[in-house]
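Asker: So here's entry.pdb (PDB, C-alpha atoms and all ligand atoms).
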```pdb
MODEL        1
ATOM      1  CA  MET A   1     115.502  93.130  97.973  1.00  0.00           C
ATOM      2  CA  ARG A   2     111.955  94.398  97.664  1.00  0.00           C
ATOM      3  CA  VAL A   3     110.058  94.847  94.398  1.00  0.00           C
ATOM      4  CA  ALA A   4     106.875  96.914  94.271  1.00  0.00           C
ATOM      5  CA  ILE A   5     104.602  96.204  91.345  1.00  0.00           C
ATOM      6  CA  ASP A   6     101.632  98.274  90.287  1.00  0.00           C
ATOM      7  CA  HIS A   7      98.259  96.653  89.624  1.00  0.00           C
ATOM      8  CA  ASP A   8      96.159  98.731  87.208  1.00  0.00           C
ATOM      9  CA  GLY A   9      97.740  98.877  83.775  1.00  0.00           C
ATOM     10  CA  THR A  10     100.730  96.820  84.907  1.00  0.00           C
ATOM     11  CA  PHE A  11      99.744  93.506  86.528  1.00  0.00           C
ATOM     12  CA  THR A  12      96.396  93.674  84.705  1.00  0.00           C
ATOM     13  CA  THR A  13      98.076  93.649  81.289  1.00  0.00           C
ATOM     14  CA  ASN A  14      98.629  89.917  81.695  1.00  0.00           C
ATOM     15  CA  PRO A  15      97.990  88.525  85.195  1.00  0.00           C
ATOM     16  CA  GLN A  16      99.191  85.061  84.249  1.00  0.00           C
ATOM     17  CA  VAL A  17     102.576  86.300  83.005  1.00  0.00           C
ATOM     18  CA  TRP A  18     103.030  88.727  85.905  1.00  0.00           C
ATOM     19  CA  THR A  19     102.101  86.012  88.403  1.00  0.00           C
ATOM     20  CA  ALA A  20     104.773  83.765  86.896  1.00  0.00           C
ATOM     21  CA  ILE A  21     107.306  86.617  87.113  1.00  0.00           C
ATOM     22  CA  ILE A  22     106.305  87.362  90.720  1.00  0.00           C
ATOM     23  CA  ASN A  23     106.559  83.690  91.555  1.00  0.00           C
ATOM     24  CA  MET A  24     110.051  83.519  90.035  1.00  0.00           C
ATOM     25  CA  LEU A  25     111.130  86.616  91.941  1.00  0.00           C
ATOM     26  CA  CYS A  26     109.833  85.204  95.239  1.00  0.00           C
ATOM     27  CA  GLU A  27     111.504  81.849  94.611  1.00  0.00           C
ATOM     28  CA  ASN A  28     114.780  83.726  94.185  1.00  0.00           C
ATOM     29  CA  GLY A  29     114.560  85.645  97.420  1.00  0.00           C
ATOM     30  CA  PHE A  30     112.831  88.846  96.364  1.00  0.00           C
ATOM     31  CA  ASP A  31     110.075  90.280  98.524  1.00  0.00           C
ATOM     32  CA  VAL A  32     107.318  91.378  96.165  1.00  0.00           C
ATOM     33  CA  ILE A  33     104.490  93.690  97.149  1.00  0.00           C
ATOM     34  CA  CYS A  34     101.859  95.646  95.263  1.00  0.00           C
ATOM     35  CA  ILE A  35     101.486  99.375  95.821  1.00  0.00           C
ATOM     36  CA  THR A  36      98.442 100.810  94.111  1.00  0.00           C
ATOM     37  CA  SER A  37      97.142 104.362  93.963  1.00  0.00           C
ATOM     38  CA  ARG A  38      93.659 103.026  94.685  1.00  0.00           C
ATOM     39  CA  PHE A  39      91.715 103.495  97.891  1.00  0.00           C
ATOM     40  CA  PRO A  40      90.886 100.321  99.842  1.00  0.00           C
ATOM     41  CA  ASN A  41      87.175 100.812  99.220  1.00  0.00           C
ATOM     42  CA  VAL A  42      87.974  99.767  95.636  1.00  0.00           C
ATOM     43  CA  PRO A  43      89.769  96.560  96.601  1.00  0.00           C
ATOM     44  CA  ILE A  44      92.046  94.570  94.381  1.00  0.00           C
ATOM     45  CA  VAL A  45      91.134  90.911  94.146  1.00  0.00           C
ATOM     46  CA  GLY A  46      93.438  88.148  92.989  1.00  0.00           C
ATOM     47  CA  MET A  47      96.774  89.885  93.446  1.00  0.00           C
ATOM     48  CA  PRO A  48      99.193  87.171  94.578  1.00  0.00           C
ATOM     49  CA  VAL A  49     101.156  89.472  96.910  1.00  0.00           C
ATOM     50  CA  PRO A  50     100.283  91.874  99.746  1.00  0.00           C
ATOM     51  CA  VAL A  51      98.533  94.990  98.478  1.00  0.00           C
ATOM     52  CA  TYR A  52      99.125  98.481  99.842  1.00  0.00           C
ATOM     53  CA  TYR A  53      96.678 101.251  98.968  1.00  0.00           C
ATOM     54  CA  SER A  54      98.433 104.613  98.710  1.00  0.00           C
ATOM     55  CA  CYS A  55      95.102 106.408  98.252  1.00  0.00           C
ATOM     56  CA  GLY A  56      96.483 108.741  95.614  1.00  0.00           C
ATOM     57  CA  GLN A  57      99.588 109.582  97.595  1.00  0.00           C
ATOM     58  CA  ALA A  58     102.858 109.375  95.676  1.00  0.00           C
ATOM     59  CA  LYS A  59     103.957 105.762  96.074  1.00  0.00           C
ATOM     60  CA  TRP A  60     107.561 106.519  97.065  1.00  0.00           C
ATOM     61  CA  GLU A  61     106.363 108.911  99.754  1.00  0.00           C
ATOM     62  CA  PHE A  62     103.709 106.427 100.933  1.00  0.00           C
ATOM     63  CA  ALA A  63     106.255 103.625 101.247  1.00  0.00           C
ATOM     64  CA  THR A  64     108.931 105.783 102.865  1.00  0.00           C
ATOM     65  CA  GLU A  65     106.548 107.071 105.525  1.00  0.00           C
ATOM     66  CA  ARG A  66     105.751 103.479 106.476  1.00  0.00           C
ATOM     67  CA  GLY A  67     109.332 102.307 106.560  1.00  0.00           C
ATOM     68  CA  LEU A  68     108.801 100.184 103.456  1.00  0.00           C
ATOM     69  CA  GLU A  69     112.061 100.190 101.560  1.00  0.00           C
ATOM     70  CA  VAL A  70     111.427  99.502  97.886  1.00  0.00           C
ATOM     71  CA  ASN A  71     114.468  98.723  95.762  1.00  0.00           C
ATOM     72  CA  ILE A  72     112.777  98.154  92.389  1.00  0.00           C
ATOM     73  CA  TRP A  73     109.544  99.657  91.064  1.00  0.00           C
ATOM     74  CA  ILE A  74     107.460  98.192  88.233  1.00  0.00           C
ATOM     75  CA  ASP A  75     104.779 100.639  87.118  1.00  0.00           C
ATOM     76  CA  ASP A  76     103.091 101.627  83.865  1.00  0.00           C
ATOM     77  CA  ILE A  77     102.981 105.262  85.033  1.00  0.00           C
ATOM     78  CA  PRO A  78     106.312 105.980  86.758  1.00  0.00           C
ATOM     79  CA  PHE A  79     105.112 109.489  87.556  1.00  0.00           C
ATOM     80  CA  THR A  80     102.842 107.989  90.250  1.00  0.00           C
ATOM     81  CA  ILE A  81     105.895 106.686  92.119  1.00  0.00           C
ATOM     82  CA  GLY A  82     107.461 110.090  92.693  1.00  0.00           C
ATOM     83  CA  GLY A  83     110.631 110.341  94.738  1.00  0.00           C
ATOM     84  CA  PRO A  84     112.495 112.389  97.294  1.00  0.00           C
ATOM     85  CA  PRO A  85     112.070 116.166  96.945  1.00  0.00           C
ATOM     86  CA  VAL A  86     114.965 117.670  95.008  1.00  0.00           C
ATOM     87  CA  ASN A  87     115.072 121.075  96.743  1.00  0.00           C
ATOM     88  CA  GLY A  88     113.261 120.283  99.957  1.00  0.00           C
ATOM     89  CA  GLU A  89     109.569 119.830 100.438  1.00  0.00           C
ATOM     90  CA  PRO A  90     107.267 122.848 100.050  1.00  0.00           C
ATOM     91  CA  PRO A  91     105.146 123.378 103.188  1.00  0.00           C
ATOM     92  CA  GLN A  92     101.950 122.932 101.141  1.00  0.00           C
ATOM     93  CA  ALA A  93     102.990 119.351 100.356  1.00  0.00           C
ATOM     94  CA  LYS A  94     103.204 118.454 104.045  1.00  0.00           C
ATOM     95  CA  ILE A  95      99.871 120.147 104.780  1.00  0.00           C
ATOM     96  CA  ARG A  96      98.226 118.249 101.912  1.00  0.00           C
ATOM     97  CA  ARG A  97      99.757 114.964 103.035  1.00  0.00           C
ATOM     98  CA  ASP A  98      98.608 115.470 106.648  1.00  0.00           C
ATOM     99  CA  LEU A  99      95.065 116.266 105.486  1.00  0.00           C
ATOM    100  CA  ILE A 100      94.950 113.157 103.308  1.00  0.00           C
ATOM    101  CA  ARG A 101      96.232 111.061 106.223  1.00  0.00           C
ATOM    102  CA  GLN A 102      93.490 112.430 108.503  1.00  0.00           C
ATOM    103  CA  VAL A 103      90.808 111.542 105.951  1.00  0.00           C
ATOM    104  CA  ILE A 104      92.215 108.053 105.448  1.00  0.00           C
ATOM    105  CA  ASP A 105      92.590 107.415 109.178  1.00  0.00           C
ATOM    106  CA  ALA A 106      89.028 108.617 109.788  1.00  0.00           C
ATOM    107  CA  ASN A 107      87.512 106.461 107.065  1.00  0.00           C
ATOM    108  CA  PHE A 108      89.513 103.262 106.956  1.00  0.00           C
ATOM    109  CA  ASN A 109      89.815 101.713 110.397  1.00  0.00           C
ATOM    110  CA  SER A 110      92.015  98.887 109.244  1.00  0.00           C
ATOM    111  CA  GLY A 111      94.474 101.236 107.568  1.00  0.00           C
ATOM    112  CA  PRO A 112      95.521 101.243 103.963  1.00  0.00           C
ATOM    113  CA  HIS A 113      97.134  97.822 104.026  1.00  0.00           C
ATOM    114  CA  VAL A 114      95.356  94.611 103.144  1.00  0.00           C
ATOM    115  CA  ASP A 115      97.253  91.374 103.354  1.00  0.00           C
ATOM    116  CA  TYR A 116      96.678  88.927 100.553  1.00  0.00           C
ATOM    117  CA  PRO A 117      98.068  85.398 100.474  1.00  0.00           C
ATOM    118  CA  ARG A 118     101.622  84.882  99.406  1.00  0.00           C
ATOM    119  CA  VAL A 119     102.297  83.598  95.917  1.00  0.00           C
ATOM    120  CA  GLY A 120     102.513  79.949  96.939  1.00  0.00           C
ATOM    121  CA  ASP A 121      99.154  80.041  98.692  1.00  0.00           C
ATOM    122  CA  TYR A 122      97.620  81.860  95.745  1.00  0.00           C
ATOM    123  CA  MET A 123      99.033  79.409  93.204  1.00  0.00           C
ATOM    124  CA  GLU A 124      97.718  76.427  95.171  1.00  0.00           C
ATOM    125  CA  SER A 125      94.232  77.903  95.371  1.00  0.00           C
ATOM    126  CA  ALA A 126      94.105  79.042  91.715  1.00  0.00           C
TER     127      ALA A 126
HETATM  128 MG    MG A 201      99.092 101.702  86.835  1.00  0.00          MG
ENDMDL
END
```
Just give me the structure as structure tokens.
Answerer:
Amino acid sequence: MRVAIDHDGTFTTNPQVWTAIINMLCENGFDVICITSRFPNVPIVGMPVPVYYSCGQAKWEFATERGLEVNIWIDDIPFTIGGPPVNGEPPQAKIRRDLIRQVIDANFNSGPHVDYPRVGDYMESA
């Protein structure tokens, strides 16, 4: 069971409390990740789980395209998550997505994913 938590305006509201919640989730078998709308050139520091940068792409779409199944979302702006298209995807959406992917691929060699230490490692170093 995977939980995706947002950083800005969610985790940042109280990092200590959210870290405790993340820790509890991980101790009980949940896989917790962070999916942010940020670009990786504005990196997130101190997040106790792996961080994925969707670069403005709808988070559900970003995760789905990468085979990341997310079961539970925690986000202060649920609109940024998005979801499957209700009546099919308009062709403009695919064109836009492909253009964004080309820009990201051309500018971020390591891809949009940055691996941060797991909660236990983070807690020991904090
Ligand atoms: Mg947010």
Asker: Nearest to ligand MG 201 (chain A): which of A:Pro43, A:Asn23, A:Asp75, A:Ile5 is it, counting all atoms listed in the file?
Answerer: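 Result for the nearest residue to ligand MG 201 (chain A): A:Asp75.
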Asker: Identify, counting all atoms listed in the file, the protein, DNA and RNA residues located within 12 Å of ligand MG 201 (chain A), and give them as a list of chain:residue names.
Answerer: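 Residues satisfying the distance criterion: A:Ala4, A:Ile5, A:Asp6, A:His7, A:Asp8, A:Gly9, A:Thr10, A:Phe11, A:Thr12, A:Thr13, A:Cys34, A:Ile35, A:Thr36, A:Ser37, A:Arg38, A:Gly56, A:Lys59, A:Trp73, A:Ile74, A:Asp75, A:Asp76, A:Ile77, A:Pro78, A:Phe79, A:Thr80, A:Ile81.
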Asker: Quick one: pull the distance between CA of Asn41 (chain A) and CA of Gln57 (chain A), Å, one decimal.
Answerer: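 Result for CA of Asn41 (chain A) versus CA of Gln57 (chain A): 15.3 Å, one decimal.
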Asker: Neighbouring residues of Leu25 (chain A) were defined as those with any atom within 10 Å, considering all atoms listed in the file; residues of the same chain fewer than 5 positions away were excluded. Please report them as a list in words.
Answerer: Met1, Arg2, Val3, Thr19, Ala20, Phe30, Asp31 and Val32 of chain A
Asker: What is the CA of Gly82 (chain A) to CA of Ile104 (chain A) distance in Å?
Answerer: 20.0 Å
Asker: Interatomic distance between CA of Asn28 (chain A) and CA of Trp60 (chain A)?
Answerer: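 These atoms are spaced 24.1 Å apart.
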Asker: Which residue out of A:Val86, A:Ala63, A:Leu99, A:Met47 has the minimum interatomic distance to Ile22 (chain A) when all atoms listed in the file are used?
Answerer: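 Among the listed residues, the smallest separation from Ile22 (chain A) belongs to A:Met47.
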Asker: Excluding Arg101 (chain A) and residues on its chain fewer than 3 positions from it, collect all residues at most 12 Å away from it, counting only C-alpha atoms, and give them as a PyMOL selection string.
Answerer: chain A and resi 54-57+62+65+94-98+104-108+111-112
Asker: From the list A:Gly88, A:Pro15, A:Gly29, A:Pro40, which residue is nearest Tyr52 (chain A) when using all atoms listed in the file?
Answerer: A:Pro40
Asker: Go through A:Ile72, A:Gln92, A:Cys26, A:Gly83 one by one, measure the shortest atom-to-atom distance of each to Val49 (chain A) using all atoms listed in the file, and give the residue with the smallest value.
Answerer: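 Closest to Val49 (chain A) of all the choices is A:Cys26.
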